[in-house]
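> Provided herewith is a single structure, encoded as structure tokens, for subsequent inquiry.
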Amino acid sequence: MADSISIKSFTFRYPGSHRNALSEVSLEIQAGSCCAILGPTGAGKTTLLQAVAGVLGAHHAQAAANGHIQIGSVVHSPLPRSILFPRVGLFLQDPTVQISGIRDNVEDEVRFTLDNLRVGDEEAVQRVRIQLEELGLGMLATRPLSQLSGGELQRVALAGMLVASPPVLLLDEPLNSLDATAQARLLRLLATFRGRHTVVLTDYGIDAALRLADRVVVLSEGRVLYQGAPAGLVSRSEEFVDLLPADSLVRLSGLAGDERIPSPERRFFRKILGAL
Amino acid sequence: MGTRFTQRIADELQGAGLPFLAFAVVLNLALGQITSALKIPFYMDMVGTVLVAVLCGPWSAMIAGVLSNILAAFVGNPTMMFFIPVVLAIALFTAFLARRGWFRRISLVVVGGILQGVVAAVLSAPIAAYLFGGVMFSGTDFLVLYFRSVGNSLLESVFFQGLASDPVDKTVTYVIVFLVIRSLPVRLVSRFNGAANVLPRAPSGPS
Amino acid sequence: MSIQFDNVSFAYTAGSPLLNNLAFDTVPGECLLIVGHNGAGKSTILKLLNGIMKPNSGRVVVFGKDTARSHTAELARDVSVTFQNPGDQIFARTVFDEARFGPRALNRKNPDALARAALALCGLTRSEGKHPYDLSAPERKLLTVASAVASGARVLAFDEPSVTLSQPERRTLEHALRTLRSEGRTLIIVSHDLGFFVPMADRILVLQSASPALLFPAPKAATHENVLRRAGVRFPYADRLVRIVRRSGRIRHSHRPPPSEP
Amino acid sequence: MTIGIPEKLALTLFLVVAAVTLPWNISALLIAALLSARTLIPALRPLDQTARRRFRKIFFVLLCLVAVMTAVNSVFVRSGAVWAEIAGIRLFEGGLLFGLTTGFRLLLIAAAFLVLFGSTSIGAFADYLNHVGIPGPIATTALLSLHFLDHLPERIQQIFIAQESRGAPLRGNLVARIRSFFLLLSPLVLSSIVESIERGTALELRGFHLGISLRTASGPGNRHWSPTTVALLAFSIILVVYRLTLWLIPSP
């Protein structure tokens, strides 16, 4: 039930700004796939996510925009004018901001979303329990939010979004505030969504793209520089050294073509790359 | 009654949202904590309400003010609740001044603060006199006792005490709100419903 | 030497010591990277540096001054500690006023010049007149770095300075930190970002919850990978792949698949 | 006879009205009655240790202030006979009576609210407000405010440390401290406003609209009141009417 996302020559300029935040962006993201959007600050990553989620259209009604955004079968021209929740779930950068602040414990916090969607009592209680189990938060159900760690808070915030089972899940810089172990756990969790949700996430770095994404998009100054498989990103990494922390990628791609490595190892190595 | 009232609040808070209103309520309660952290002899319990009145509008400012006085009981000051009528008046009066551009220049802000102080003194005198006998456990109680000892009635004593302290307190509150708004980036202020009250009218670039 | 931790022990709650007889000192111009799980005491060390926290036992000495017997505002002349959230300190209406605050508060001789030099080092000269909240989040982070540099303190301590920075800003930060080291300033960095800081650091201090802290030269980081992993820090994924390939490249015949969790 | 929020609200109203209308000695009796009820009736007991400590602290402070205020009043307000003279200072009955009246009035009102708020969690309050049909925004803002309030001391501490680490004279003389007041307020306001706008968007992104009330209220809110609530409300009204008639018809 995941939805595909198709963006066709989408251009957007914030009111009062003298530069397009996004110009002629065209992207195809298959339903149920995972896409990573990479690029430096100001490349337009957040603007793109907010456009798809309907926040941009809702908050900047009089902004200049054209092209169109299609989510599943619904075409929005040029962009959705109201927040598309629960068809599209957008997860903001700071997990503590994502927590409502209106509920005390974990299950009530997750229940908040279903209350807003006017879901009946019995169904809501059941869906919350299932969602908490799925994210490994079952035993924390009645735990007050103030006693949770950063990683746990983010999982509760995620549960608060996923309980509405959005066909499209957008995450803005989810890895930013996490340490290495929490990042690895989040990426493993997102990998389990393949097929059930269409996941699009943005990242300053490249780890998410290499480990999780089926497709990678590189944005710079509102334009798409690259769109394709992660392995392609590795081979063209010299181009992006100024945009992404890709210097380790350059070393990686150097090895891919390194004649000195005997062919079985090189074949083995390309398999690793192919499996990215 | 609910929907029209809620719609008006939604319009005033457009671009900001309830969490901003909640922050204003906390600002009212918080300044006591900051002034005590720095041991400064001021007690400003209206900065949040005035900020909302200028940036959003009267109705949401009234909610912020009423909630602050009610929640004050939670942090241990139950007497504030009886001064809700004063808070409502201040929210309305400030929104009225703001719409007329009185928060654009410091001179108007000071005059506005003094006027507001007088309004507050007039309104809070009967409450303080009849409910609390002029005793508010704040530094100004001795003023009331002084006025009483020279023969004024309870109401007169409380009113004179109010005239002595309220204009100062309200002017300080108004000036702080003026400085806070001036310290905000123009891009952020322009999101608010009441942005026109403070941003320069002529599009001649930043003030 | 600039900073000296002399058998420092510290515990927030009695009985569960956070730091146990920690001893190390820094040499001017050195860059020390401190890593460890959240709650292992990283930011506590920063707060011990300028006297916000006082050690339970042992001494922290900054250029000869015992932090237990001096005020933070006074120690700030020698050691500038910058915390992770720019929102905690940014108060001014322009980028220049924000950068100028440190040198003026510490009444340095030429605060404006110090501020301008620091802003130039952090690539913020163009934004001098802008409001700090009109900058992007990474630029605001660089502004806190510039404020620390402008203060003129000989020791600069940062808590996660590379978080929220994208590649252009990382390049600027790298250049700035290398320049500061060449000027003889001591840098103390708390960070998870091994990829960015290991090539730049001289030594790495690993705080471990169960066992005593480990201090080793940065170039040896690769050999201490399991210690680092236990401390919750990893090298970037691509670097780990490179290391696997190099290792597999050397092992000609036994074609072992990569370990499950590279 | 269950004691829920409506009963507690009615009790508080009754005590406040009694404090304003009845003489000080009856207020004193009511305070004693309330304190004993607070220990005997489970529904009135403080929720947790902090509520218990807060009640004791505030009540004790008020008690001292009332004593001081009564003494000062009986010295300054020179009306009625002199009831005592200590070390040359004459104490007047009029001032003493005035001090006792206002003092016990304040103590009873404070005790009533402290018991009410000490024994009721905010979540329960918000749910009650919601069931009774108070528009969503007020209940939601109240909850958000308390969420902010919980995090506030820690937030101010973070700012205090960050600024002091940059050399801000937060412990200098009064002038330095007043000047640095803005060093604490400005970061708090700037970062909190930006964060609160983000929080507003985050709520919208989970389907929250200003208009709707919090939980799907079961029906238009249960309007029926228990006998205790009705009784307490009736007493309050009787007291008000009694006080008004006394005030309107001046005694001979």
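We name chains A, B, ... following the order of the structure tokens; residues begin at 1 in each chain, and ligands are numbered from 1 as shown.
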Could you work out which residues of chain B fall inside 12 Å of chain A? Count only C-alpha atoms, and format the result as number ranges by chain.
B: 14-19, 22-23, 186-187, 190-192, 203, 205
> Could the residues of chain C within 10 Å of chain B, counting only C-alpha atoms, be given as a ChimeraX atom specification, please?
/C:91-94,130-134
> Give me a file of those residues, with N, CA, C and O atoms, as a PDB file, in the first residue's frame.

ATOM      1  N   PHE C  91      22.700  35.635  21.269  1.00  0.00           N
ATOM      2  CA  PHE C  91      21.756  36.629  21.817  1.00  0.00           C
ATOM      3  C   PHE C  91      21.726  37.911  21.002  1.00  0.00           C
ATOM      4  O   PHE C  91      20.794  38.673  21.071  1.00  0.00           O
ATOM      5  N   ALA C  92      22.780  38.158  20.186  1.00  0.00           N
ATOM      6  CA  ALA C  92      22.941  39.510  19.605  1.00  0.00           C
ATOM      7  C   ALA C  92      22.068  39.674  18.363  1.00  0.00           C
ATOM      8  O   ALA C  92      21.503  38.710  17.845  1.00  0.00           O
ATOM      9  N   ARG C  93      21.997  40.949  17.882  1.00  0.00           N
ATOM     10  CA  ARG C  93      21.157  41.227  16.705  1.00  0.00           C
ATOM     11  C   ARG C  93      21.960  41.110  15.429  1.00  0.00           C
ATOM     12  O   ARG C  93      21.372  41.065  14.335  1.00  0.00           O
ATOM     13  N   THR C  94      23.304  41.139  15.527  1.00  0.00           N
ATOM     14  CA  THR C  94      24.092  40.937  14.294  1.00  0.00           C
ATOM     15  C   THR C  94      25.210  39.926  14.599  1.00  0.00           C
ATOM     16  O   THR C  94      25.624  39.736  15.739  1.00  0.00           O
ATOM     17  N   LYS C 130      24.427  40.423   9.201  1.00  0.00           N
ATOM     18  CA  LYS C 130      23.153  39.657   9.226  1.00  0.00           C
ATOM     19  C   LYS C 130      22.740  39.349  10.657  1.00  0.00           C
ATOM     20  O   LYS C 130      23.570  39.339  11.566  1.00  0.00           O
ATOM     21  N   HIS C 131      21.458  39.030  10.837  1.00  0.00           N
ATOM     22  CA  HIS C 131      20.987  38.548  12.144  1.00  0.00           C
ATOM     23  C   HIS C 131      21.360  37.060  12.243  1.00  0.00           C
ATOM     24  O   HIS C 131      21.164  36.298  11.304  1.00  0.00           O
ATOM     25  N   PRO C 132      21.894  36.653  13.402  1.00  0.00           N
ATOM     26  CA  PRO C 132      22.334  35.245  13.534  1.00  0.00           C
ATOM     27  C   PRO C 132      21.251  34.244  13.149  1.00  0.00           C
ATOM     28  O   PRO C 132      21.542  33.202  12.560  1.00  0.00           O
ATOM     29  N   TYR C 133      19.981  34.590  13.406  1.00  0.00           N
ATOM     30  CA  TYR C 133      18.930  33.604  13.078  1.00  0.00           C
ATOM     31  C   TYR C 133      18.499  33.689  11.614  1.00  0.00           C
ATOM     32  O   TYR C 133      17.590  32.995  11.192  1.00  0.00           O
ATOM     33  N   ASP C 134      19.155  34.614  10.842  1.00  0.00           N
ATOM     34  CA  ASP C 134      18.936  34.577   9.386  1.00  0.00           C
ATOM     35  C   ASP C 134      19.974  33.670   8.729  1.00  0.00           C
ATOM     36  O   ASP C 134      19.882  33.371   7.543  1.00  0.00           O
TER      37      ASP C 134
END
> Could the residues of chain C that have an atom at most 7 Å from chain A be listed as a tab-separated table, each with its closest atom pair and the distance in Å to one decimal, counting only C-alpha atoms and ordered by chain and ascending residue number?

residue	atom	partner	partner_atom	distance
C:Val163	CA	A:Asn176	CA	6.9
C:Thr164	CA	A:Asn176	CA	6.3
C:Ser166	CA	A:Pro40	CA	5.0
C:Gln167	CA	A:Leu244	CA	5.2
C:Pro168	CA	A:Asp242	CA	6.5
C:His192	CA	A:Asp179	CA	6.5
C:Gly232	CA	A:Thr181	CA	5.8
C:Val233	CA	A:Ala180	CA	5.4
C:Arg234	CA	A:Ala180	CA	6.0
C:Pro236	CA	A:Asp207	CA	6.8
C:Tyr237	CA	A:Asp207	CA	5.8
C:Ala238	CA	A:Ser248	CA	5.7
C:Asp239	CA	A:Ser248	CA	5.5
C:Val242	CA	A:Leu252	CA	5.6
C:Val245	CA	A:Phe269	CA	6.5
C:Ser248	CA	A:Glu265	CA	6.8
C:Gly249	CA	A:Glu265	CA	5.9
> Suppose we keep N, CA, C and O atoms; can you now write the selection as a PDB file, in the first residue's frame?

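result-v3.pdb, written as the output of this step:
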ATOM      1  N   VAL C 163      28.714  18.615  14.317  1.00  0.00           N
ATOM      2  CA  VAL C 163      27.319  18.162  14.132  1.00  0.00           C
ATOM      3  C   VAL C 163      26.537  19.245  13.378  1.00  0.00           C
ATOM      4  O   VAL C 163      26.802  20.431  13.566  1.00  0.00           O
ATOM      5  N   THR C 164      25.650  18.890  12.507  1.00  0.00           N
ATOM      6  CA  THR C 164      24.803  19.742  11.638  1.00  0.00           C
ATOM      7  C   THR C 164      25.615  20.461  10.549  1.00  0.00           C
ATOM      8  O   THR C 164      25.045  21.269   9.812  1.00  0.00           O
ATOM      9  N   SER C 166      27.358  20.663   6.969  1.00  0.00           N
ATOM     10  CA  SER C 166      27.436  19.889   5.709  1.00  0.00           C
ATOM     11  C   SER C 166      28.832  20.117   5.126  1.00  0.00           C
ATOM     12  O   SER C 166      29.628  20.884   5.670  1.00  0.00           O
ATOM     13  N   GLN C 167      29.118  19.518   4.015  1.00  0.00           N
ATOM     14  CA  GLN C 167      30.495  19.449   3.514  1.00  0.00           C
ATOM     15  C   GLN C 167      31.179  20.818   3.385  1.00  0.00           C
ATOM     16  O   GLN C 167      32.287  20.984   3.903  1.00  0.00           O
ATOM     17  N   PRO C 168      30.563  21.838   2.765  1.00  0.00           N
ATOM     18  CA  PRO C 168      31.262  23.134   2.678  1.00  0.00           C
ATOM     19  C   PRO C 168      31.677  23.651   4.055  1.00  0.00           C
ATOM     20  O   PRO C 168      32.815  24.069   4.264  1.00  0.00           O
ATOM     21  N   HIS C 192      31.656  12.541  18.098  1.00  0.00           N
ATOM     22  CA  HIS C 192      31.474  11.166  17.599  1.00  0.00           C
ATOM     23  C   HIS C 192      32.069  11.026  16.213  1.00  0.00           C
ATOM     24  O   HIS C 192      32.107   9.933  15.651  1.00  0.00           O
ATOM     25  N   GLY C 232      31.037   3.283  21.369  1.00  0.00           N
ATOM     26  CA  GLY C 232      29.901   3.810  20.617  1.00  0.00           C
ATOM     27  C   GLY C 232      30.282   4.748  19.480  1.00  0.00           C
ATOM     28  O   GLY C 232      29.483   5.575  19.052  1.00  0.00           O
ATOM     29  N   VAL C 233      31.535   4.688  19.029  1.00  0.00           N
ATOM     30  CA  VAL C 233      31.931   5.541  17.891  1.00  0.00           C
ATOM     31  C   VAL C 233      32.464   4.652  16.756  1.00  0.00           C
ATOM     32  O   VAL C 233      33.117   3.649  17.004  1.00  0.00           O
ATOM     33  N   ARG C 234      32.153   5.030  15.513  1.00  0.00           N
ATOM     34  CA  ARG C 234      32.560   4.225  14.361  1.00  0.00           C
ATOM     35  C   ARG C 234      33.185   5.132  13.318  1.00  0.00           C
ATOM     36  O   ARG C 234      32.871   6.324  13.230  1.00  0.00           O
ATOM     37  N   PRO C 236      33.518   6.275   9.361  1.00  0.00           N
ATOM     38  CA  PRO C 236      32.482   6.309   8.311  1.00  0.00           C
ATOM     39  C   PRO C 236      32.420   4.966   7.568  1.00  0.00           C
ATOM     40  O   PRO C 236      33.431   4.266   7.429  1.00  0.00           O
ATOM     41  N   TYR C 237      31.244   4.642   7.102  1.00  0.00           N
ATOM     42  CA  TYR C 237      30.991   3.326   6.485  1.00  0.00           C
ATOM     43  C   TYR C 237      31.958   3.077   5.322  1.00  0.00           C
ATOM     44  O   TYR C 237      32.577   2.018   5.209  1.00  0.00           O
ATOM     45  N   ALA C 238      32.161   4.104   4.508  1.00  0.00           N
ATOM     46  CA  ALA C 238      33.004   3.910   3.309  1.00  0.00           C
ATOM     47  C   ALA C 238      34.435   3.575   3.744  1.00  0.00           C
ATOM     48  O   ALA C 238      35.084   2.687   3.185  1.00  0.00           O
ATOM     49  N   ASP C 239      34.936   4.225   4.825  1.00  0.00           N
ATOM     50  CA  ASP C 239      36.306   3.921   5.291  1.00  0.00           C
ATOM     51  C   ASP C 239      36.391   2.464   5.724  1.00  0.00           C
ATOM     52  O   ASP C 239      37.370   1.769   5.423  1.00  0.00           O
ATOM     53  N   VAL C 242      36.658   0.337   2.735  1.00  0.00           N
ATOM     54  CA  VAL C 242      38.009   0.396   2.160  1.00  0.00           C
ATOM     55  C   VAL C 242      38.935  -0.537   2.938  1.00  0.00           C
ATOM     56  O   VAL C 242      39.666  -1.352   2.365  1.00  0.00           O
ATOM     57  N   VAL C 245      38.246  -4.168   2.104  1.00  0.00           N
ATOM     58  CA  VAL C 245      38.732  -4.526   0.756  1.00  0.00           C
ATOM     59  C   VAL C 245      40.244  -4.668   0.805  1.00  0.00           C
ATOM     60  O   VAL C 245      40.806  -5.656   0.323  1.00  0.00           O
ATOM     61  N   SER C 248      40.972  -7.861   2.434  1.00  0.00           N
ATOM     62  CA  SER C 248      40.646  -9.036   1.581  1.00  0.00           C
ATOM     63  C   SER C 248      41.599  -9.053   0.391  1.00  0.00           C
ATOM     64  O   SER C 248      42.021 -10.110  -0.064  1.00  0.00           O
ATOM     65  N   GLY C 249      41.991  -7.856  -0.078  1.00  0.00           N
ATOM     66  CA  GLY C 249      42.917  -7.806  -1.218  1.00  0.00           C
ATOM     67  C   GLY C 249      44.208  -8.536  -0.854  1.00  0.00           C
ATOM     68  O   GLY C 249      44.763  -9.289  -1.632  1.00  0.00           O
TER      69      GLY C 249
END
> Just checking: using only C-alpha atoms, which residue out of C:Leu241, C:Leu180, C:Leu124, C:Ile188 ends up closest to Ile45 (chain C)?
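Answer, going by the shortest atom-to-atom distance: C:Ile188.
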> May I have the residues within 7 Å of Ile9 (chain B) as a count of residues only, using only C-alpha atoms and disregarding those fewer than 3 positions away in the same chain?
6
> Would you give me, as a Markdown table, each residue of chain C having an atom within 6 Å of an atom of chain D, along with its shortest atom pair and that distance in Å to one decimal, using only C-alpha atoms and sorting by chain and residue number?

| residue | atom | partner | partner_atom | distance |
| --- | --- | --- | --- | --- |
| C:Ala73 | CA | D:Gly167 | CA | 4.3 |
| C:Ala76 | CA | D:Gly167 | CA | 5.4 |
| C:Val81 | CA | D:Ser165 | CA | 5.8 |
| C:Gly87 | CA | D:Ser191 | CA | 5.3 |
| C:Asp88 | CA | D:Ile159 | CA | 4.7 |
| C:Gln89 | CA | D:Gln163 | CA | 5.9 |
| C:Ile90 | CA | D:Pro187 | CA | 5.6 |
| C:Phe91 | CA | D:Pro187 | CA | 4.9 |
| C:Gly102 | CA | D:Arg166 | CA | 5.7 |
| C:Ala105 | CA | D:Gly167 | CA | 5.7 |
| C:Leu106 | CA | D:Gly167 | CA | 6.0 |
> Distance cut-off 7 Å, counting only C-alpha atoms - which residues of chain D neighbour chain A? Return them as a list of chain:residue names.
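Result: D:Thr140, D:Leu143, D:Leu144, D:His147, D:Glu198, D:Arg199, D:Ala202, D:Leu203, D:Leu205, D:Arg206, D:Gly207, D:Phe208, D:Arg215, D:Thr216.
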> Compute the set of chain D residues within 6 Å of chain B, using only C-alpha atoms, and express it as number ranges by chain.
D: 76-77, 102, 110, 135, 141, 144-145, 196-197, 200, 211
> Show me, as a list in words, the residues that have an atom within 12 Å of Ala32 (chain D) when counting only C-alpha atoms, minus same-chain residues fewer than 3 positions from it.
Asn25, Ile26, Ser27, Ala28, Leu29, Leu35, Ser36, Ala37, Arg38, Thr39, Phe104, Leu107, Leu108, Ala111 and Ala112 of chain D
> Neighbours of Ser119 (chain D) within 10 Å (only C-alpha atoms; same-chain residues fewer than 4 positions away dropped), as a VMD selection string?
chain D and resid 5 8 38 42 to 48 51 to 52 113 to 115
> Go ahead and compute the interatomic distance for CA of Arg155 (chain A) and CA of Ser162 (chain C), in Å to one decimal.
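A separation of 24.0 Å between them.
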> Leaving out Leu30 (chain D) and any residue of its chain fewer than 6 positions from it, which residues lie within 9 Å of it when counting only C-alpha atoms, given as a ChimeraX atom specification?
/D:15,18-19,108
> Go ahead and write the selection's residues with N, CA, C and O atoms as a PDB file, in the first residue's frame.

ATOM      1  N   LEU D  15     -14.551  27.056  49.830  1.00  0.00           N
ATOM      2  CA  LEU D  15     -13.565  27.557  50.803  1.00  0.00           C
ATOM      3  C   LEU D  15     -13.179  29.002  50.483  1.00  0.00           C
ATOM      4  O   LEU D  15     -13.027  29.855  51.357  1.00  0.00           O
ATOM      5  N   ALA D  18     -15.990  31.210  51.467  1.00  0.00           N
ATOM      6  CA  ALA D  18     -16.035  31.294  52.946  1.00  0.00           C
ATOM      7  C   ALA D  18     -14.936  32.240  53.433  1.00  0.00           C
ATOM      8  O   ALA D  18     -15.154  33.117  54.278  1.00  0.00           O
ATOM      9  N   ALA D  19     -13.746  32.113  52.851  1.00  0.00           N
ATOM     10  CA  ALA D  19     -12.620  32.956  53.304  1.00  0.00           C
ATOM     11  C   ALA D  19     -12.954  34.429  53.123  1.00  0.00           C
ATOM     12  O   ALA D  19     -12.608  35.263  53.960  1.00  0.00           O
ATOM     13  N   LEU D 108      -6.475  30.596  54.075  1.00  0.00           N
ATOM     14  CA  LEU D 108      -7.508  29.616  53.682  1.00  0.00           C
ATOM     15  C   LEU D 108      -7.548  29.487  52.157  1.00  0.00           C
ATOM     16  O   LEU D 108      -7.565  28.382  51.595  1.00  0.00           O
TER      17      LEU D 108
END
> Need the shell around Leu32 (chain C): protein/DNA/RNA residues with any atom at most 12 Å away, counting only C-alpha atoms. Skip same-chain ones fewer than 5 positions apart. Format as number ranges by chain?
C: 3, 24-27, 155-158, 177, 181, 185-191, 197-206, 215-218
> How about saving the chosen residues, N, CA, C and O atoms kept, as a CSV table (one decimal), in the first residue's frame?

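As written to disk, selection-v9.csv reads:
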chain,number,residue,atom,x,y,z
C,3,ILE,N,46.9,22.4,30.0
C,3,ILE,CA,45.8,21.9,30.8
C,3,ILE,C,46.4,20.6,31.5
C,3,ILE,O,47.1,19.8,31.0
C,24,PHE,N,45.7,13.4,32.7
C,24,PHE,CA,46.4,13.7,31.4
C,24,PHE,C,46.7,15.1,31.3
C,24,PHE,O,46.1,15.9,32.1
C,25,ASP,N,47.6,15.5,30.5
C,25,ASP,CA,47.8,17.0,30.3
C,25,ASP,C,48.0,17.2,28.8
C,25,ASP,O,48.3,16.3,28.0
C,26,THR,N,47.8,18.5,28.5
C,26,THR,CA,47.9,18.9,27.0
C,26,THR,C,49.1,19.8,26.8
C,26,THR,O,49.5,20.6,27.7
C,27,VAL,N,49.6,19.8,25.6
C,27,VAL,CA,50.8,20.6,25.2
C,27,VAL,C,50.2,21.7,24.3
C,27,VAL,O,49.3,21.4,23.5
C,155,VAL,N,43.2,28.0,25.1
C,155,VAL,CA,42.7,26.6,25.0
C,155,VAL,C,41.2,26.7,24.5
C,155,VAL,O,40.4,27.5,25.1
C,156,LEU,N,40.9,26.1,23.4
C,156,LEU,CA,39.5,26.1,22.9
C,156,LEU,C,38.9,24.7,23.0
C,156,LEU,O,39.5,23.8,22.5
C,157,ALA,N,37.8,24.6,23.8
C,157,ALA,CA,37.2,23.3,23.9
C,157,ALA,C,35.8,23.3,23.2
C,157,ALA,O,35.1,24.3,23.4
C,158,PHE,N,35.5,22.3,22.4
C,158,PHE,CA,34.2,22.3,21.7
C,158,PHE,C,33.5,21.0,22.0
C,158,PHE,O,34.1,19.9,22.0
C,177,LEU,N,40.4,25.0,12.2
C,177,LEU,CA,41.0,24.3,13.3
C,177,LEU,C,42.5,24.0,13.1
C,177,LEU,O,43.4,24.2,13.9
C,181,ARG,N,45.6,25.5,15.3
C,181,ARG,CA,46.7,24.7,15.9
C,181,ARG,C,48.1,25.2,15.5
C,181,ARG,O,49.0,25.3,16.3
C,185,ARG,N,47.4,27.3,19.5
C,185,ARG,CA,46.3,27.1,20.4
C,185,ARG,C,46.1,25.6,20.7
C,185,ARG,O,46.3,24.8,19.8
C,186,THR,N,45.6,25.3,21.9
C,186,THR,CA,45.3,23.9,22.2
C,186,THR,C,43.8,23.7,21.9
C,186,THR,O,43.0,24.5,22.3
C,187,LEU,N,43.5,22.5,21.3
C,187,LEU,CA,42.1,22.2,21.0
C,187,LEU,C,41.7,21.0,21.7
C,187,LEU,O,42.4,20.0,21.7
C,188,ILE,N,40.5,21.1,22.4
C,188,ILE,CA,40.0,19.9,23.0
C,188,ILE,C,38.6,19.6,22.4
C,188,ILE,O,37.7,20.5,22.5
C,189,ILE,N,38.4,18.5,21.7
C,189,ILE,CA,37.2,18.3,20.9
C,189,ILE,C,36.5,17.1,21.5
C,189,ILE,O,37.0,16.0,21.6
C,190,VAL,N,35.2,17.3,21.8
C,190,VAL,CA,34.3,16.1,22.2
C,190,VAL,C,33.5,15.8,21.0
C,190,VAL,O,32.8,16.7,20.5
C,191,SER,N,33.6,14.6,20.4
C,191,SER,CA,32.8,14.4,19.2
C,191,SER,C,32.7,12.9,18.9
C,191,SER,O,33.5,12.1,19.4
C,197,PHE,N,37.7,14.0,12.7
C,197,PHE,CA,38.7,14.5,13.7
C,197,PHE,C,39.9,13.6,13.9
C,197,PHE,O,41.0,14.0,14.3
C,198,VAL,N,39.8,12.3,13.6
C,198,VAL,CA,41.0,11.4,13.8
C,198,VAL,C,42.2,11.9,12.9
C,198,VAL,O,43.3,12.0,13.4
C,199,PRO,N,41.9,12.2,11.6
C,199,PRO,CA,43.1,12.7,10.8
C,199,PRO,C,43.7,14.0,11.4
C,199,PRO,O,44.8,14.3,11.2
C,200,MET,N,42.9,14.8,12.2
C,200,MET,CA,43.4,16.1,12.7
C,200,MET,C,43.9,16.0,14.1
C,200,MET,O,44.7,16.8,14.5
C,201,ALA,N,43.5,15.0,14.9
C,201,ALA,CA,43.9,14.9,16.3
C,201,ALA,C,45.3,14.4,16.5
C,201,ALA,O,45.8,13.6,15.7
C,202,ASP,N,45.9,14.8,17.6
C,202,ASP,CA,47.2,14.2,18.0
C,202,ASP,C,46.9,12.9,18.8
C,202,ASP,O,47.5,11.9,18.6
C,203,ARG,N,46.0,13.1,19.8
C,203,ARG,CA,45.8,12.0,20.7
C,203,ARG,C,44.3,11.8,20.9
C,203,ARG,O,43.5,12.7,20.7
C,204,ILE,N,43.8,10.6,21.2
C,204,ILE,CA,42.4,10.3,21.4
C,204,ILE,C,42.2,9.8,22.9
C,204,ILE,O,43.0,8.9,23.3
C,205,LEU,N,41.3,10.4,23.6
C,205,LEU,CA,41.0,9.9,25.0
C,205,LEU,C,39.6,9.2,24.9
C,205,LEU,O,38.6,9.8,24.5
C,206,VAL,N,39.6,7.9,25.2
C,206,VAL,CA,38.4,7.1,25.1
C,206,VAL,C,37.9,6.9,26.5
C,206,VAL,O,38.5,6.3,27.4
C,215,LEU,N,44.1,6.4,26.6
C,215,LEU,CA,44.7,7.6,25.8
C,215,LEU,C,45.7,7.0,24.9
C,215,LEU,O,46.6,6.3,25.3
C,216,PHE,N,45.6,7.2,23.6
C,216,PHE,CA,46.5,6.7,22.6
C,216,PHE,C,46.7,7.7,21.4
C,216,PHE,O,45.8,8.5,21.2
C,217,PRO,N,47.8,7.6,20.7
C,217,PRO,CA,48.0,8.5,19.6
C,217,PRO,C,47.0,8.3,18.5
C,217,PRO,O,46.6,7.1,18.3
C,218,ALA,N,46.5,9.4,17.9
C,218,ALA,CA,45.4,9.3,16.9
C,218,ALA,C,45.8,8.3,15.7
C,218,ALA,O,44.9,7.5,15.3
> One decimal, Å: what's the distance from CA of Gly58 (chain C) over to CA of Ser9 (chain C), could you say?
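Those two atoms sit 6.4 Å apart.
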> Could you please write out, as a PyMOL selection string, every residue of region 53-251 of chain C that DSSP assigns to strand (DSSP E)?
chain C and resi 57-62+65-66+79-82+155-159+186-190+203-207+214-217
> Give me every helix (DSSP H, G or I) residue in region 167-213 of chain C, going by DSSP on the backbone, as a list of chain:residue names.
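Restricting region 167-213 of chain C to helix (DSSP H, G or I) produces C:Gln167, C:Pro168, C:Glu169, C:Arg170, C:Arg171, C:Thr172, C:Leu173, C:Glu174, C:His175, C:Ala176, C:Leu177, C:Arg178, C:Thr179, C:Leu180, C:Arg181, C:Ser182, C:Leu194, C:Gly195, C:Phe196, C:Phe197.
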> Give me, please, the distance in Å between CA of Leu232 (chain D) and CA of Leu40 (chain D), quoted to one decimal.
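Interatomic distance, CA of Leu232 (chain D) to CA of Leu40 (chain D): 18.9 Å.
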